[in-house]
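Colleague: Input structure: query.cif, which contains mmCIF, C-alpha atoms and all ligand atoms.
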data_coords
#
loop_
_atom_site.group_PDB
_atom_site.id
_atom_site.type_symbol
_atom_site.label_atom_id
_atom_site.label_comp_id
_atom_site.auth_asym_id
_atom_site.auth_seq_id
_atom_site.Cartn_x
_atom_site.Cartn_y
_atom_site.Cartn_z
ATOM 1 C CA MET A 23 -125.731 28.753 -71.459
ATOM 2 C CA SER A 24 -126.916 32.127 -70.120
ATOM 3 C CA THR A 25 -128.722 32.313 -66.775
ATOM 4 C CA GLN A 26 -131.321 34.592 -68.433
ATOM 5 C CA PHE A 27 -133.577 31.677 -69.242
ATOM 6 C CA PRO A 28 -134.143 28.280 -67.666
ATOM 7 C CA ASN A 29 -132.075 25.241 -68.320
ATOM 8 C CA PRO A 30 -133.665 23.515 -71.371
ATOM 9 C CA ALA A 31 -133.545 20.096 -69.707
ATOM 10 C CA GLU A 32 -135.458 21.406 -66.671
ATOM 11 C CA MET A 33 -137.966 22.993 -69.020
ATOM 12 C CA TYR A 34 -138.221 19.664 -70.876
ATOM 13 C CA GLU A 35 -139.054 17.865 -67.605
ATOM 14 C CA GLN A 36 -141.483 20.536 -66.309
ATOM 15 C CA PHE A 37 -143.184 21.495 -69.588
ATOM 16 C CA TYR A 38 -142.913 18.698 -72.156
ATOM 17 C CA GLY A 39 -143.063 16.106 -69.340
ATOM 18 C CA PRO A 40 -146.655 16.635 -68.134
ATOM 19 C CA GLY A 41 -147.803 18.072 -71.498
ATOM 20 C CA ILE A 42 -146.601 15.311 -73.823
ATOM 21 C CA PHE A 43 -144.123 12.738 -72.553
ATOM 22 C CA GLN A 44 -145.873 11.602 -69.360
ATOM 23 C CA PRO A 45 -149.097 10.617 -71.203
ATOM 24 C CA LEU A 46 -146.958 8.971 -73.893
ATOM 25 C CA THR A 47 -144.886 7.135 -71.260
ATOM 26 C CA GLU A 48 -148.037 5.707 -69.682
ATOM 27 C CA ALA A 49 -149.274 4.370 -73.048
ATOM 28 C CA PHE A 50 -145.839 3.113 -74.104
ATOM 29 C CA VAL A 51 -145.197 1.293 -70.821
ATOM 30 C CA ARG A 52 -148.648 -0.371 -70.966
ATOM 31 C CA PHE A 53 -147.800 -1.446 -74.524
ATOM 32 C CA VAL A 54 -144.419 -3.057 -73.670
ATOM 33 C CA SER A 55 -145.670 -4.385 -70.322
ATOM 34 C CA PRO A 56 -142.508 -4.655 -68.177
ATOM 35 C CA LYS A 57 -142.511 -7.663 -65.844
ATOM 36 C CA LYS A 58 -141.357 -8.109 -62.245
ATOM 37 C CA SER A 59 -137.562 -8.529 -61.902
ATOM 38 C CA GLU A 60 -136.692 -7.695 -65.507
ATOM 39 C CA ARG A 61 -133.386 -6.019 -66.346
ATOM 40 C CA VAL A 62 -134.260 -2.981 -68.461
ATOM 41 C CA LEU A 63 -132.182 -0.593 -70.572
ATOM 42 C CA ASP A 64 -133.836 2.813 -71.142
ATOM 43 C CA LEU A 65 -131.899 4.240 -74.066
ATOM 44 C CA ALA A 66 -132.033 8.003 -74.759
ATOM 45 C CA CYS A 67 -133.616 8.234 -71.306
ATOM 46 C CA GLY A 68 -133.633 12.056 -71.265
ATOM 47 C CA THR A 69 -134.802 13.272 -67.850
ATOM 48 C CA GLY A 70 -135.862 9.730 -66.915
ATOM 49 C CA LEU A 71 -139.656 9.725 -67.348
ATOM 50 C CA VAL A 72 -139.762 6.146 -68.661
ATOM 51 C CA ALA A 73 -137.178 4.779 -66.209
ATOM 52 C CA ARG A 74 -138.994 6.260 -63.206
ATOM 53 C CA HIS A 75 -142.377 5.022 -64.457
ATOM 54 C CA ILE A 76 -141.264 1.394 -64.828
ATOM 55 C CA ALA A 77 -139.226 1.168 -61.580
ATOM 56 C CA PRO A 78 -142.231 0.173 -59.390
ATOM 57 C CA LEU A 79 -143.486 -2.236 -62.063
ATOM 58 C CA ILE A 80 -140.320 -4.344 -62.237
ATOM 59 C CA GLY A 81 -139.764 -4.033 -58.479
ATOM 60 C CA THR A 82 -136.687 -4.249 -56.290
ATOM 61 C CA GLU A 83 -135.593 -7.535 -57.919
ATOM 62 C CA GLY A 84 -135.313 -5.725 -61.253
ATOM 63 C CA LYS A 85 -132.659 -3.283 -62.451
ATOM 64 C CA ILE A 86 -132.793 -0.289 -64.774
ATOM 65 C CA THR A 87 -129.880 1.154 -66.701
ATOM 66 C CA ALA A 88 -130.735 4.543 -68.194
ATOM 67 C CA VAL A 89 -128.408 6.002 -70.844
ATOM 68 C CA ASP A 90 -128.399 9.386 -72.557
ATOM 69 C CA ILE A 91 -125.834 11.293 -74.611
ATOM 70 C CA ASN A 92 -126.733 14.642 -72.992
ATOM 71 C CA PRO A 93 -125.259 15.195 -69.491
ATOM 72 C CA VAL A 94 -127.648 18.119 -68.902
ATOM 73 C CA MET A 95 -130.675 15.827 -69.346
ATOM 74 C CA LEU A 96 -129.030 13.238 -67.058
ATOM 75 C CA ALA A 97 -128.364 15.873 -64.381
ATOM 76 C CA VAL A 98 -132.100 16.675 -64.274
ATOM 77 C CA ALA A 99 -132.905 12.934 -64.231
ATOM 78 C CA ARG A 100 -130.659 12.444 -61.187
ATOM 79 C CA GLN A 101 -132.321 15.373 -59.338
ATOM 80 C CA GLN A 102 -135.828 13.874 -59.527
ATOM 81 C CA THR A 103 -137.262 11.984 -56.572
ATOM 82 C CA PRO A 104 -136.425 8.303 -57.087
ATOM 83 C CA SER A 105 -139.398 5.998 -57.639
ATOM 84 C CA ALA A 106 -140.082 3.004 -55.451
ATOM 85 C CA GLY A 107 -138.987 -0.364 -56.857
ATOM 86 C CA ALA A 108 -136.020 -1.085 -59.096
ATOM 87 C CA SER A 109 -132.855 0.956 -58.720
ATOM 88 C CA ILE A 110 -131.880 3.147 -61.680
ATOM 89 C CA GLU A 111 -128.287 3.586 -62.836
ATOM 90 C CA TRP A 112 -127.869 6.777 -64.925
ATOM 91 C CA LEU A 113 -125.081 6.615 -67.510
ATOM 92 C CA GLU A 114 -123.813 9.039 -70.124
ATOM 93 C CA GLY A 115 -123.324 7.327 -73.469
ATOM 94 C CA ASP A 116 -123.974 7.380 -77.189
ATOM 95 C CA ALA A 117 -126.561 4.849 -78.362
ATOM 96 C CA THR A 118 -124.510 4.206 -81.485
ATOM 97 C CA GLN A 119 -121.384 3.304 -79.458
ATOM 98 C CA LEU A 120 -122.675 1.564 -76.357
ATOM 99 C CA ASP A 121 -120.121 0.062 -74.004
ATOM 100 C CA LEU A 122 -122.295 -2.010 -71.672
ATOM 101 C CA LYS A 123 -121.394 -5.414 -70.290
ATOM 102 C CA THR A 124 -124.829 -6.255 -68.790
ATOM 103 C CA GLU A 125 -127.519 -8.388 -70.456
ATOM 104 C CA PHE A 126 -131.085 -7.069 -70.628
ATOM 105 C CA ASP A 127 -134.574 -8.572 -70.866
ATOM 106 C CA LEU A 128 -136.065 -5.379 -72.265
ATOM 107 C CA VAL A 129 -134.655 -2.375 -74.118
ATOM 108 C CA LEU A 130 -136.821 0.744 -74.307
ATOM 109 C CA CYS A 131 -136.290 3.775 -76.496
ATOM 110 C CA GLN A 132 -139.004 6.437 -76.291
ATOM 111 C CA GLN A 133 -138.604 9.257 -78.844
ATOM 112 C CA GLY A 134 -134.858 8.678 -79.198
ATOM 113 C CA LEU A 135 -134.166 6.463 -82.233
ATOM 114 C CA GLN A 136 -135.006 9.204 -84.749
ATOM 115 C CA PHE A 137 -132.092 11.298 -83.393
ATOM 116 C CA PHE A 138 -129.404 8.587 -83.668
ATOM 117 C CA SER A 139 -126.907 9.236 -86.464
ATOM 118 C CA ASP A 140 -126.624 5.499 -87.251
ATOM 119 C CA LYS A 141 -129.943 3.811 -86.416
ATOM 120 C CA SER A 142 -128.840 0.432 -87.799
ATOM 121 C CA ALA A 143 -125.692 0.361 -85.672
ATOM 122 C CA ALA A 144 -127.678 1.366 -82.565
ATOM 123 C CA LEU A 145 -130.354 -1.313 -83.133
ATOM 124 C CA LYS A 146 -127.711 -3.990 -83.758
ATOM 125 C CA GLN A 147 -126.060 -3.116 -80.441
ATOM 126 C CA MET A 148 -129.409 -3.185 -78.640
ATOM 127 C CA ARG A 149 -130.085 -6.615 -80.178
ATOM 128 C CA LYS A 150 -126.715 -7.903 -78.891
ATOM 129 C CA LEU A 151 -127.458 -6.668 -75.360
ATOM 130 C CA LEU A 152 -130.785 -8.545 -75.209
ATOM 131 C CA VAL A 153 -131.126 -12.126 -73.973
ATOM 132 C CA LYS A 154 -132.869 -14.769 -76.102
ATOM 133 C CA GLY A 155 -136.596 -14.124 -75.691
ATOM 134 C CA GLY A 156 -135.880 -10.468 -74.855
ATOM 135 C CA ARG A 157 -137.748 -7.605 -76.469
ATOM 136 C CA ILE A 158 -137.335 -4.034 -77.609
ATOM 137 C CA GLY A 159 -139.938 -1.275 -77.325
ATOM 138 C CA ILE A 160 -139.671 1.858 -79.454
ATOM 139 C CA ALA A 161 -141.890 4.934 -79.563
ATOM 140 C CA THR A 162 -141.545 7.405 -82.425
ATOM 141 C CA TRP A 163 -143.844 10.157 -83.713
ATOM 142 C CA GLN A 164 -145.854 9.884 -86.898
ATOM 143 C CA ALA A 165 -145.159 12.395 -89.685
ATOM 144 C CA ILE A 166 -145.159 16.172 -89.265
ATOM 145 C CA GLU A 167 -148.315 16.380 -91.426
ATOM 146 C CA GLN A 168 -150.163 14.716 -88.511
ATOM 147 C CA HIS A 169 -148.822 17.391 -86.142
ATOM 148 C CA LYS A 170 -150.110 20.728 -87.419
ATOM 149 C CA VAL A 171 -149.038 22.752 -84.365
ATOM 150 C CA PHE A 172 -145.418 21.637 -84.748
ATOM 151 C CA GLU A 173 -145.560 22.041 -88.538
ATOM 152 C CA GLU A 174 -146.715 25.655 -88.194
ATOM 153 C CA PHE A 175 -144.166 26.369 -85.442
ATOM 154 C CA ALA A 176 -141.391 24.900 -87.627
ATOM 155 C CA LYS A 177 -142.362 27.239 -90.503
ATOM 156 C CA VAL A 178 -142.061 30.220 -88.132
ATOM 157 C CA GLU A 179 -138.865 28.939 -86.496
ATOM 158 C CA VAL A 180 -137.010 28.296 -89.731
ATOM 159 C CA ARG A 181 -137.403 31.904 -90.856
ATOM 160 C CA HIS A 182 -135.316 32.931 -87.819
ATOM 161 C CA LEU A 183 -133.036 29.924 -87.496
ATOM 162 C CA ALA A 184 -131.942 29.360 -91.074
ATOM 163 C CA PRO A 185 -129.262 32.108 -90.688
ATOM 164 C CA LEU A 186 -127.944 30.199 -87.622
ATOM 165 C CA GLY A 187 -127.595 27.088 -89.769
ATOM 166 C CA VAL A 188 -130.743 25.243 -88.645
ATOM 167 C CA SER A 189 -132.776 23.879 -91.553
ATOM 168 C CA TYR A 190 -136.482 22.996 -91.771
ATOM 169 C CA GLU A 191 -135.423 19.314 -91.871
ATOM 170 C CA ASP A 192 -133.449 19.785 -88.612
ATOM 171 C CA LEU A 193 -136.597 21.126 -86.972
ATOM 172 C CA LEU A 194 -138.586 18.142 -88.159
ATOM 173 C CA ALA A 195 -136.085 15.655 -86.654
ATOM 174 C CA PRO A 196 -138.519 14.484 -83.918
ATOM 175 C CA PHE A 197 -140.951 13.429 -86.691
ATOM 176 C CA SER A 198 -138.357 12.066 -89.118
ATOM 177 C CA LEU A 199 -138.714 8.338 -88.377
ATOM 178 C CA HIS A 200 -142.405 8.153 -89.236
ATOM 179 C CA ASP A 201 -142.307 5.499 -91.953
ATOM 180 C CA VAL A 202 -143.350 2.152 -90.437
ATOM 181 C CA ASN A 203 -141.726 0.242 -93.307
ATOM 182 C CA GLN A 204 -138.437 1.936 -92.477
ATOM 183 C CA ILE A 205 -138.802 1.047 -88.779
ATOM 184 C CA ARG A 206 -139.592 -2.565 -89.721
ATOM 185 C CA SER A 207 -136.643 -2.862 -92.059
ATOM 186 C CA PHE A 208 -134.164 -1.362 -89.532
ATOM 187 C CA LEU A 209 -135.402 -3.878 -86.938
ATOM 188 C CA ALA A 210 -135.394 -6.881 -89.279
ATOM 189 C CA GLU A 211 -131.892 -5.985 -90.489
ATOM 190 C CA ALA A 212 -130.714 -5.862 -86.854
ATOM 191 C CA GLY A 213 -132.060 -9.412 -86.277
ATOM 192 C CA PHE A 214 -135.363 -8.700 -84.504
ATOM 193 C CA SER A 215 -138.506 -10.700 -85.279
ATOM 194 C CA LYS A 216 -142.268 -10.664 -84.534
ATOM 195 C CA ILE A 217 -142.287 -6.901 -85.166
ATOM 196 C CA GLU A 218 -145.589 -5.232 -84.215
ATOM 197 C CA ILE A 219 -146.259 -1.535 -84.805
ATOM 198 C CA THR A 220 -149.408 0.165 -83.600
ATOM 199 C CA PRO A 221 -150.458 3.837 -83.702
ATOM 200 C CA HIS A 222 -151.425 5.550 -80.464
ATOM 201 C CA THR A 223 -152.889 9.050 -80.071
ATOM 202 C CA ILE A 224 -152.273 11.141 -76.991
ATOM 203 C CA GLN A 225 -154.064 14.397 -76.217
ATOM 204 C CA THR A 226 -151.530 16.987 -75.084
ATOM 205 C CA ARG A 227 -152.461 19.481 -72.337
ATOM 206 C CA PHE A 228 -150.677 22.753 -71.661
ATOM 207 C CA PRO A 229 -152.047 25.066 -68.972
ATOM 208 C CA ASP A 230 -151.280 28.784 -69.380
ATOM 209 C CA PRO A 231 -151.309 28.876 -73.224
ATOM 210 C CA LYS A 232 -149.786 32.375 -73.393
ATOM 211 C CA THR A 233 -146.471 30.901 -72.156
ATOM 212 C CA PHE A 234 -146.590 27.941 -74.578
ATOM 213 C CA ALA A 235 -144.345 29.361 -77.315
ATOM 214 C CA ARG A 236 -141.527 30.485 -74.968
ATOM 215 C CA LYS A 237 -141.579 27.295 -72.938
ATOM 216 C CA MET A 238 -141.717 25.101 -75.991
ATOM 217 C CA GLU A 239 -138.762 26.846 -77.622
ATOM 218 C CA THR A 240 -136.702 26.707 -74.423
ATOM 219 C CA ALA A 241 -137.414 23.002 -73.963
ATOM 220 C CA TYR A 242 -136.721 22.331 -77.639
ATOM 221 C CA GLY A 243 -133.168 23.539 -77.024
ATOM 222 C CA ALA A 244 -132.627 20.369 -75.027
ATOM 223 C CA VAL A 245 -132.480 18.328 -78.208
ATOM 224 C CA ILE A 246 -131.276 20.878 -80.787
ATOM 225 C CA PRO A 247 -128.036 22.403 -79.463
ATOM 226 C CA ALA A 248 -127.931 25.191 -82.082
ATOM 227 C CA PHE A 249 -130.936 26.772 -80.298
ATOM 228 C CA VAL A 250 -128.908 27.553 -77.171
ATOM 229 C CA GLN A 251 -125.483 28.421 -78.560
ATOM 230 C CA ASN A 252 -126.113 32.154 -78.875
ATOM 231 C CA PRO A 253 -128.126 33.504 -75.858
ATOM 232 C CA ASP A 254 -128.899 36.982 -77.274
ATOM 233 C CA ALA A 255 -130.092 35.683 -80.601
ATOM 234 C CA PHE A 256 -132.073 33.060 -78.719
ATOM 235 C CA LEU A 257 -133.923 35.708 -76.639
ATOM 236 C CA LYS A 258 -134.835 37.655 -79.795
ATOM 237 C CA PHE A 259 -135.928 34.407 -81.366
ATOM 238 C CA LEU A 260 -138.227 33.669 -78.374
ATOM 239 C CA ASP A 261 -139.928 37.077 -78.738
ATOM 240 C CA ALA A 262 -140.381 36.627 -82.476
ATOM 241 C CA VAL A 263 -141.823 33.117 -82.228
ATOM 242 C CA GLU A 264 -144.183 34.168 -79.445
ATOM 243 C CA ASN A 265 -145.532 37.062 -81.569
ATOM 244 C CA GLU A 266 -145.805 35.072 -84.763
ATOM 245 C CA THR A 267 -147.600 32.061 -83.238
ATOM 246 C CA ARG A 268 -150.163 33.898 -81.081
ATOM 247 C CA ASP A 269 -153.078 33.166 -83.458
ATOM 248 C CA LEU A 270 -152.054 29.537 -83.848
ATOM 249 C CA VAL A 271 -151.921 29.033 -80.062
ATOM 250 C CA ALA A 272 -155.360 30.678 -79.720
ATOM 251 C CA GLN A 273 -156.746 28.286 -82.329
ATOM 252 C CA TYR A 274 -155.820 25.276 -80.144
ATOM 253 C CA THR A 275 -156.821 26.833 -76.812
ATOM 254 C CA GLN A 276 -159.958 25.662 -75.012
ATOM 255 C CA GLY A 277 -160.667 27.660 -71.860
ATOM 256 C CA GLU A 278 -157.343 27.936 -70.035
ATOM 257 C CA ILE A 279 -155.753 24.888 -71.700
ATOM 258 C CA MET A 280 -153.936 24.514 -74.990
ATOM 259 C CA THR A 281 -154.557 21.010 -76.301
ATOM 260 C CA PHE A 282 -153.940 19.077 -79.516
ATOM 261 C CA PRO A 283 -153.458 15.423 -80.475
ATOM 262 C CA MET A 284 -150.115 13.775 -81.197
ATOM 263 C CA ILE A 285 -149.776 10.344 -82.784
ATOM 264 C CA ALA A 286 -146.967 7.945 -81.935
ATOM 265 C CA ASN A 287 -146.058 4.629 -83.524
ATOM 266 C CA LEU A 288 -145.493 2.141 -80.711
ATOM 267 C CA THR A 289 -143.242 -0.734 -81.770
ATOM 268 C CA ILE A 290 -142.354 -4.008 -80.094
ATOM 269 C CA ALA A 291 -140.012 -6.670 -81.488
ATOM 270 C CA TYR A 292 -138.362 -9.805 -80.123
ATOM 271 C CA VAL A 293 -135.082 -11.707 -80.074
ATOM 272 C CA GLU A 294 -135.859 -15.334 -80.930
HETATM 273 C C1 LIG B 1 -137.115 13.695 -77.125
HETATM 274 S S1 LIG B 1 -135.922 13.251 -75.937
HETATM 275 C C2 LIG B 1 -136.674 11.759 -75.267
HETATM 276 C C3 LIG B 1 -136.233 11.520 -73.855
HETATM 277 C C4 LIG B 1 -136.969 10.419 -73.107
HETATM 278 N N1 LIG B 1 -136.808 9.120 -73.729
HETATM 279 C C5 LIG B 1 -138.427 10.769 -72.947
HETATM 280 O O1 LIG B 1 -139.269 10.052 -73.511
HETATM 281 O O2 LIG B 1 -138.739 11.765 -72.274
HETATM 282 C C6 LIG B 1 -134.627 12.604 -76.936
HETATM 283 C C7 LIG B 1 -133.398 12.203 -76.135
HETATM 284 O O3 LIG B 1 -132.509 11.481 -76.996
HETATM 285 C C8 LIG B 1 -131.192 11.747 -76.541
HETATM 286 N N2 LIG B 1 -130.243 11.339 -77.593
HETATM 287 C C9 LIG B 1 -130.118 11.865 -78.833
HETATM 288 N N3 LIG B 1 -129.138 11.226 -79.507
HETATM 289 C C10 LIG B 1 -128.640 10.273 -78.675
HETATM 290 C C11 LIG B 1 -127.630 9.286 -78.798
HETATM 291 N N4 LIG B 1 -126.911 9.149 -79.926
HETATM 292 N N5 LIG B 1 -127.383 8.462 -77.761
HETATM 293 C C12 LIG B 1 -128.097 8.584 -76.601
HETATM 294 N N6 LIG B 1 -129.071 9.504 -76.428
HETATM 295 C C13 LIG B 1 -129.344 10.337 -77.452
HETATM 296 C C14 LIG B 1 -131.235 13.248 -76.265
HETATM 297 O O4 LIG B 1 -130.160 13.673 -75.473
HETATM 298 C C15 LIG B 1 -132.594 13.379 -75.580
HETATM 299 O O5 LIG B 1 -132.485 13.258 -74.179
#
Please re-express this file's structure in structure tokens.

Modeller:
Amino acid sequence: MSTQFPNPAEMYEQFYGPGIFQPLTEAFVRFVSPKKSERVLDLACGTGLVARHIAPLIGTEGKITAVDINPVMLAVARQQTPSAGASIEWLEGDATQLDLKTEFDLVLCQQGLQFFSDKSAALKQMRKLLVKGGRIGIATWQAIEQHKVFEEFAKVEVRHLAPLGVSYEDLLAPFSLHDVNQIRSFLAEAGFSKIEITPHTIQTRFPDPKTFARKMETAYGAVIPAFVQNPDAFLKFLDAVENETRDLVAQYTQGEIMTFPMIANLTIAYVE
């Protein structure tokens, strides 16, 4: 990647972190309620927001294993100041082909499952890694129609990215696992029971709205590799998206803050 713009994983941590994923992490962790001394797997850990948040809750008797397929995200995770409490082991790995020998009390997957090529295979492996009585927590976004800002951005983005081979459906990947019946059936098929799914709305907050489009597109590159493969085209793309979304950003700006709601489905299920 060119040095002309920031590393997308750092941008993810600095921009999407406080704006979206930190408020979501707080709600998600309250929902799954990690206990003292639990052994926890944070799958698709990204830059480690969930792992760091739960470390003090499970304490020094607990242990966290945090796995992600993207070494760039893991590098940023490792650079962050460690939290007090449980130690965190950062591992590179594909959720659909996990090679872990440890048993876990809790598996967490915040905004990761929708990106896995084989969700059934991944959930079956997670189920095998959990002890009897163990539980899985999953957070996924509701449909794109509930997320107007991202829907409008995707319409702008696809005009520029279609020639690079990125489709509208690719851009909607974060919102693709929105159907609660589908989530239920994947979990039931993998052997989980007592499945509970509840919607939760977070209010995003982005200071300095005029930088929103550029930062968002740079951070987005962390999960869609085609965005960062061609640096020159990417810079032109940033300019174009910034120009074409100015009115949209203004519409969601209050004072000096851009803010809009996002709705997640929070899921918990058990191994009986
Ligand atoms: C939207 S980020 C979520 C990161 C983190 N859980 C959070 O809440 O901030 C999605 C993450 O899923 C990871 N990912 C995608 N496919 C994966 C796979 N097959 N195995 C492991 N991680 C994967 C990406 O590398 C990325 O870090």

Colleague: Hey, which residues sit close to ligand LIG 1 (chain B)? Say within 6 Å, counting all atoms listed in the file, and write them as an mmCIF file with C-alpha atoms, in the coordinates of the input.

Modeller:
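Output (part_34.cif):
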data_model
loop_
_atom_site.group_PDB
_atom_site.id
_atom_site.type_symbol
_atom_site.label_atom_id
_atom_site.label_comp_id
_atom_site.auth_asym_id
_atom_site.auth_seq_id
_atom_site.Cartn_x
_atom_site.Cartn_y
_atom_site.Cartn_z
ATOM 1 C CA PHE A 43 -144.123 12.738 -72.553
ATOM 2 C CA ALA A 66 -132.033 8.003 -74.759
ATOM 3 C CA CYS A 67 -133.616 8.234 -71.306
ATOM 4 C CA GLY A 68 -133.633 12.056 -71.265
ATOM 5 C CA LEU A 71 -139.656 9.725 -67.348
ATOM 6 C CA ASP A 90 -128.399 9.386 -72.557
ATOM 7 C CA ILE A 91 -125.834 11.293 -74.611
ATOM 8 C CA ASN A 92 -126.733 14.642 -72.992
ATOM 9 C CA MET A 95 -130.675 15.827 -69.346
ATOM 10 C CA GLY A 115 -123.324 7.327 -73.469
ATOM 11 C CA ASP A 116 -123.974 7.380 -77.189
ATOM 12 C CA ALA A 117 -126.561 4.849 -78.362
ATOM 13 C CA THR A 118 -124.510 4.206 -81.485
ATOM 14 C CA GLN A 132 -139.004 6.437 -76.291
ATOM 15 C CA GLN A 133 -138.604 9.257 -78.844
ATOM 16 C CA GLY A 134 -134.858 8.678 -79.198
ATOM 17 C CA PHE A 137 -132.092 11.298 -83.393
ATOM 18 C CA PHE A 138 -129.404 8.587 -83.668
ATOM 19 C CA VAL A 245 -132.480 18.328 -78.208
#

Colleague: Give me the residues within 12 Å of Gln102 in chain A as a PyMOL selection string, counting all atoms listed in the file and dropping any in the same chain fewer than 2 places off.

Modeller: chain A and resi 32+35-36+69-71+73-74+95-100+104-105+110+112

Colleague: From the options A:His222, A:Lys123, A:Arg206, A:Arg227, which residue's atoms come nearest to Met148 in chain A, counting only C-alpha atoms?

Modeller: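 When distances to Met148 in chain A are compared using only C-alpha atoms, the smallest one comes from A:Lys123.
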
Colleague: Please determine, counting all atoms listed in the file, which residue among A:Gly187, A:Gly156, A:Pro283, A:Pro253 has the shortest atom-to-atom distance to Glu60 in chain A.

Modeller: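 For Glu60 in chain A, the nearest of the candidates is A:Gly156.
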
Colleague: In terms of the shortest atom-to-atom distance over only C-alpha atoms, which of A:Glu173, A:Glu125, A:Glu114, A:Asp254 is closest to Arg61 in chain A?

Modeller: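 Of the candidates, the smallest distance to Arg61 in chain A is held by A:Glu125.
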
Colleague: Mind checking which residues fall within 10 Å of Thr275 in chain A, counting all atoms listed in the file, ignoring those fewer than 3 positions away in the same chain, and posting them as an MDAnalysis selection string?

Modeller: chainID A and resid 227:232 269:272 278:282

Colleague: Counting only C-alpha atoms, which residue out of A:Glu111, A:Phe53, A:Val293, A:Ala88 sits closest to Lys216 in chain A?

Modeller: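 Residue with the minimum atom-to-atom distance to Lys216 in chain A: A:Val293.
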
Colleague: Return as a list in words the set of residues that the PyMOL selection byres (((chain A and resi 64) around 8) and not hetatm) yields on the displayed structure.

Modeller: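 With the PyMOL selection byres (((chain A and resi 64) around 8) and not hetatm) on this model, the match is Val62, Leu63, Leu65, Ala66, Cys67, Val72, Ala73, Ile86, Thr87, Ala88, Val89, Val129, Leu130 and Cys131 of chain A.
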
Colleague: Could those selected residues go to a file with C-alpha atoms, as a PDB file, in the frame of the given file?

Modeller:
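Written file, selection35.pdb:
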ATOM      1  CA  VAL A  62    -134.260  -2.981 -68.461  1.00  0.00           C
ATOM      2  CA  LEU A  63    -132.182  -0.593 -70.572  1.00  0.00           C
ATOM      3  CA  LEU A  65    -131.899   4.240 -74.066  1.00  0.00           C
ATOM      4  CA  ALA A  66    -132.033   8.003 -74.759  1.00  0.00           C
ATOM      5  CA  CYS A  67    -133.616   8.234 -71.306  1.00  0.00           C
ATOM      6  CA  VAL A  72    -139.762   6.146 -68.661  1.00  0.00           C
ATOM      7  CA  ALA A  73    -137.178   4.779 -66.209  1.00  0.00           C
ATOM      8  CA  ILE A  86    -132.793  -0.289 -64.774  1.00  0.00           C
ATOM      9  CA  THR A  87    -129.880   1.154 -66.701  1.00  0.00           C
ATOM     10  CA  ALA A  88    -130.735   4.543 -68.194  1.00  0.00           C
ATOM     11  CA  VAL A  89    -128.408   6.002 -70.844  1.00  0.00           C
ATOM     12  CA  VAL A 129    -134.655  -2.375 -74.118  1.00  0.00           C
ATOM     13  CA  LEU A 130    -136.821   0.744 -74.307  1.00  0.00           C
ATOM     14  CA  CYS A 131    -136.290   3.775 -76.496  1.00  0.00           C
TER      15      CYS A 131
END

Colleague: Tell me, in Å to one decimal, how far CA of Asp121 in chain A is from CA of Tyr34 in chain A.

Modeller: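 These two atoms are separated by 26.9 Å.
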
Colleague: Between CA of Leu209 in chain A and CA of Lys141 in chain A, what is the distance, to one decimal in Å?

Modeller: 9.4 Å

Colleague: Output the residue selection produced by the PyMOL selection byres (((chain A and resi 159) around 7) and not hetatm) on the file above, formatted as JSON, numbers by chain.

Modeller: {"A": [54, 129, 130, 131, 157, 158, 160, 161, 289, 290, 291]}

Colleague: For CA of Met33 in chain A and CA of Thr240 in chain A, determine how far apart the two atoms are, in Å to one decimal place.

Modeller: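 Here the two named atoms are 6.7 Å from each other.
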
Colleague: Could you pull out every residue with an atom within 9 Å of (-136.7, 7.5, -87.9), file coordinates, counting all atoms listed in the file, and send them as a PyMOL selection string?

Modeller: chain A and resi 134-138+141+162-163+195-202+204-205

Colleague: What would the list of residues within 10 Å of (-143.2, 26.5, -77.4) (file frame) look like as a ChimeraX atom specification, if only C-alpha atoms are what count?

Modeller: /A:37-38,171-172,175,231-242,260,263-264,267,271

Colleague: Assuming 3 Å of padding per side, give the centre and edge lengths of the axis-aligned box around every listed atom of range 72-88 of chain A, in Å to one decimal and as AutoDock Vina command-line options.

Modeller:
--center_x -136.7 --center_y -0.6 --center_z -62.5 --size_x 19.6 --size_y 19.8 --size_z 18.4

Colleague: Rank nothing, just name the residue among A:Ile285, A:Val51, A:Leu193, A:Leu46 nearest to Val178 in chain A, using only C-alpha atoms.

Modeller: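 Going through A:Ile285, A:Val51, A:Leu193, A:Leu46 one by one, the smallest distance to Val178 in chain A is for A:Leu193.
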
Colleague: Of the candidates A:Thr223, A:Met284, A:Ala262, A:Asn203, which one gets nearest to Ala49 in chain A if we count all atoms listed in the file?

Modeller: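 Between A:Thr223, A:Met284, A:Ala262, A:Asn203, the residue approaching Ala49 in chain A most closely is A:Thr223.
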
Colleague: Spell out the residues picked by the PyMOL selection byres (((chain A and resi 213) around 12) and not hetatm) here, as a ChimeraX atom specification.

Modeller: /A:142-143,145-150,152,154,157-158,206-212,214-217,291-294
